[in-house]
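What follows is a set of notes on a single structure, which appears directly below.
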Amino acid sequence: MWLYIISYALHWLMALFFFLLLPLPFLLKGATDVYRTWLLKTYRIIIHLAHLGVIGSLITGLFITETFLSAWMITVFILWLAISAFLGLTAKALRLEHSNAVEKSQTDSFRNSLILSLLIFTMFAVKFFPWLDGVIS
């Protein structure tokens with residue numbers, strides 16, 4: 001009982017890290033040079049927390065799930081894999097942009113963060129809209 005409650009609370013806390021990533025592509029698109037440097041430094045911390053959240057959400061999700069082979073669970077797992085991949089691609093593009101190593105990294109960071117935001121929004125929709133459970137199952 002306590003393991004379920006603690007896992008559920010930690011799962012929600014880790015979802016907060018992903019929620020903070022949703023406005024990133026829009027902030028990147030409108031940022032000027034000075035603000036962009038500050039934004040890259042700030043989001044570097046948030047992305048590190050989101051990397052911890054990826055692993056933590058998998059572990060806590062395994063504790064709070066009841067059925068492992070449902071269509072809903074398979075959908076969530078596929079979304080989790082895609083979010084993990086684009087979180088890594090976004091982190092790499094932002095790191096390259098911050099170090100000015102690659103000239104086209106601004107477009108890469110915007111594109112990767114936009115896809116990441118869309119995947120995170122889709123994950124929130126799958127998790128929190130109960131009518132989707134009937135559609136996916």
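To be explicit about the labels: the chains of the structure tokens are called A, B, and onward in the order shown, and within each one the residues are counted from 1, while ligands get numbers from 1 in the order they are shown.
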Wanna dump the stretch 71-106 of chain A-stretch 60-66 of chain A contacts at 12 Å for me, each residue with its shortest atom pair and the distance in Å to one decimal, counting only C-alpha atoms, ordered by chain and number, as JSON lines?
{"residue": "A:Trp72", "atom": "CA", "partner": "A:Thr65", "partner_atom": "CA", "distance": 10.6}
{"residue": "A:Met73", "atom": "CA", "partner": "A:Thr65", "partner_atom": "CA", "distance": 8.3}
{"residue": "A:Ile74", "atom": "CA", "partner": "A:Thr65", "partner_atom": "CA", "distance": 11.7}
{"residue": "A:Val76", "atom": "CA", "partner": "A:Gly61", "partner_atom": "CA", "distance": 10.0}
{"residue": "A:Phe77", "atom": "CA", "partner": "A:Gly61", "partner_atom": "CA", "distance": 9.9}
{"residue": "A:Trp80", "atom": "CA", "partner": "A:Gly61", "partner_atom": "CA", "distance": 10.7}
Go through stretch 81-114 of chain A and flag each residue having an atom no more than 6 Å from stretch 21-28 of chain A; for those, report the closest pair of atoms plus their distance in Å to one decimal, using only C-alpha atoms, ordered by chain and rising number, as JSON lines.
{"residue": "A:Phe110", "atom": "CA", "partner": "A:Pro25", "partner_atom": "CA", "distance": 5.3}
{"residue": "A:Ser113", "atom": "CA", "partner": "A:Pro25", "partner_atom": "CA", "distance": 5.4}
{"residue": "A:Leu114", "atom": "CA", "partner": "A:Pro25", "partner_atom": "CA", "distance": 5.2}
Run DSSP on the backbone and give me the residues of chain A it puts in alpha helix (DSSP H), as a PyMOL selection string. chain A and resi 2-19+24-30+33-64+71-99+105-128+131-136
Save out the residues we just selected, C-alpha atoms, as a short mmCIF file (atom, residue, chain, number, x, y, z; two decimals), in the first residue's frame.
data_model
loop_
_atom_site.label_atom_id
_atom_site.label_comp_id
_atom_site.auth_asym_id
_atom_site.auth_seq_id
_atom_site.Cartn_x
_atom_site.Cartn_y
_atom_site.Cartn_z
CA TRP A 2 2.70 2.49 0.99
CA LEU A 3 4.88 1.47 -1.95
CA TYR A 4 2.01 2.26 -4.31
CA ILE A 5 1.36 5.67 -2.72
CA ILE A 6 5.03 6.67 -2.72
CA SER A 7 5.50 5.44 -6.29
CA TYR A 8 2.42 7.35 -7.43
CA ALA A 9 3.64 10.56 -5.78
CA LEU A 10 7.11 10.20 -7.31
CA HIS A 11 5.55 9.47 -10.71
CA TRP A 12 3.62 12.76 -10.51
CA LEU A 13 6.75 14.63 -9.42
CA MET A 14 8.66 13.31 -12.42
CA ALA A 15 5.80 14.28 -14.71
CA LEU A 16 6.40 17.84 -13.51
CA PHE A 17 9.90 17.78 -15.03
CA PHE A 18 8.39 16.88 -18.39
CA PHE A 19 5.71 19.53 -17.99
CA LEU A 24 10.90 25.02 -24.63
CA PRO A 25 10.47 25.20 -28.45
CA PHE A 26 8.44 28.40 -28.19
CA LEU A 27 10.97 29.98 -25.85
CA LEU A 28 13.80 28.96 -28.17
CA LYS A 29 12.02 30.42 -31.19
CA GLY A 30 11.54 33.84 -29.60
CA ASP A 33 21.12 36.24 -27.89
CA VAL A 34 21.45 37.26 -24.23
CA TYR A 35 18.18 35.64 -23.20
CA ARG A 36 18.99 32.54 -25.26
CA THR A 37 22.24 31.95 -23.34
CA TRP A 38 20.37 32.20 -20.03
CA LEU A 39 17.64 29.94 -21.40
CA LEU A 40 20.14 27.27 -22.47
CA LYS A 41 21.78 27.29 -19.04
CA THR A 42 18.43 27.06 -17.25
CA TYR A 43 17.03 24.33 -19.43
CA ARG A 44 20.23 22.33 -19.11
CA ILE A 45 19.30 21.74 -15.44
CA ILE A 46 15.69 20.92 -16.33
CA ILE A 47 16.84 18.45 -18.99
CA HIS A 48 19.12 16.72 -16.48
CA LEU A 49 16.15 16.40 -14.13
CA ALA A 50 14.04 15.08 -17.00
CA HIS A 51 16.68 12.43 -17.71
CA LEU A 52 16.34 11.32 -14.09
CA GLY A 53 12.57 11.48 -14.58
CA VAL A 54 12.74 9.12 -17.56
CA ILE A 55 14.36 6.40 -15.48
CA GLY A 56 12.31 7.17 -12.38
CA SER A 57 9.02 7.19 -14.28
CA LEU A 58 9.79 3.77 -15.72
CA ILE A 59 10.55 2.33 -12.29
CA THR A 60 7.58 3.94 -10.53
CA GLY A 61 5.31 3.13 -13.47
CA LEU A 62 6.14 -0.55 -13.09
CA PHE A 63 5.06 -0.38 -9.44
CA ILE A 64 1.75 1.37 -10.10
CA ALA A 71 -2.91 -1.77 -25.41
CA TRP A 72 -2.75 1.28 -23.13
CA MET A 73 0.46 0.06 -21.49
CA ILE A 74 2.09 -0.73 -24.83
CA THR A 75 1.14 2.76 -26.10
CA VAL A 76 2.61 4.37 -22.99
CA PHE A 77 5.80 2.34 -23.34
CA ILE A 78 6.23 3.31 -27.01
CA LEU A 79 5.66 6.97 -26.10
CA TRP A 80 8.15 6.61 -23.23
CA LEU A 81 10.79 5.27 -25.67
CA ALA A 82 10.14 8.12 -28.13
CA ILE A 83 10.29 10.73 -25.36
CA SER A 84 13.56 9.23 -24.13
CA ALA A 85 15.08 9.36 -27.61
CA PHE A 86 14.02 12.94 -28.32
CA LEU A 87 15.06 14.08 -24.85
CA GLY A 88 18.57 12.87 -25.68
CA LEU A 89 18.51 14.47 -29.14
CA THR A 90 17.26 17.76 -27.68
CA ALA A 91 19.92 17.71 -24.96
CA LYS A 92 22.64 17.11 -27.53
CA ALA A 93 21.38 19.86 -29.86
CA LEU A 94 21.17 22.35 -26.98
CA ARG A 95 24.66 21.40 -25.80
CA LEU A 96 26.06 21.90 -29.31
CA GLU A 97 24.23 25.19 -29.65
CA HIS A 98 25.57 26.41 -26.31
CA SER A 99 29.14 25.55 -27.31
CA SER A 105 22.16 23.40 -34.18
CA GLN A 106 19.58 26.17 -33.65
CA THR A 107 17.21 24.55 -36.11
CA ASP A 108 18.02 21.10 -34.73
CA SER A 109 17.33 22.20 -31.17
CA PHE A 110 14.03 23.80 -32.18
CA ARG A 111 12.89 20.80 -34.24
CA ASN A 112 13.89 18.23 -31.62
CA SER A 113 12.36 20.19 -28.76
CA LEU A 114 9.13 20.70 -30.75
CA ILE A 115 8.82 16.96 -31.40
CA LEU A 116 9.66 16.31 -27.73
CA SER A 117 6.93 18.72 -26.63
CA LEU A 118 4.39 17.06 -28.92
CA LEU A 119 5.32 13.63 -27.55
CA ILE A 120 5.07 14.86 -23.95
CA PHE A 121 1.67 16.40 -24.67
CA THR A 122 0.53 13.12 -26.24
CA MET A 123 1.74 11.21 -23.18
CA PHE A 124 -0.21 13.56 -20.89
CA ALA A 125 -3.28 13.11 -23.07
CA VAL A 126 -3.00 9.33 -22.94
CA LYS A 127 -2.43 9.33 -19.19
CA PHE A 128 -5.01 11.86 -18.06
CA TRP A 131 -11.90 8.39 -22.69
CA LEU A 132 -8.67 7.48 -24.49
CA ASP A 133 -8.44 4.25 -22.53
CA GLY A 134 -11.54 2.97 -24.30
CA VAL A 135 -10.24 4.09 -27.69
CA ILE A 136 -6.81 2.47 -27.27
#
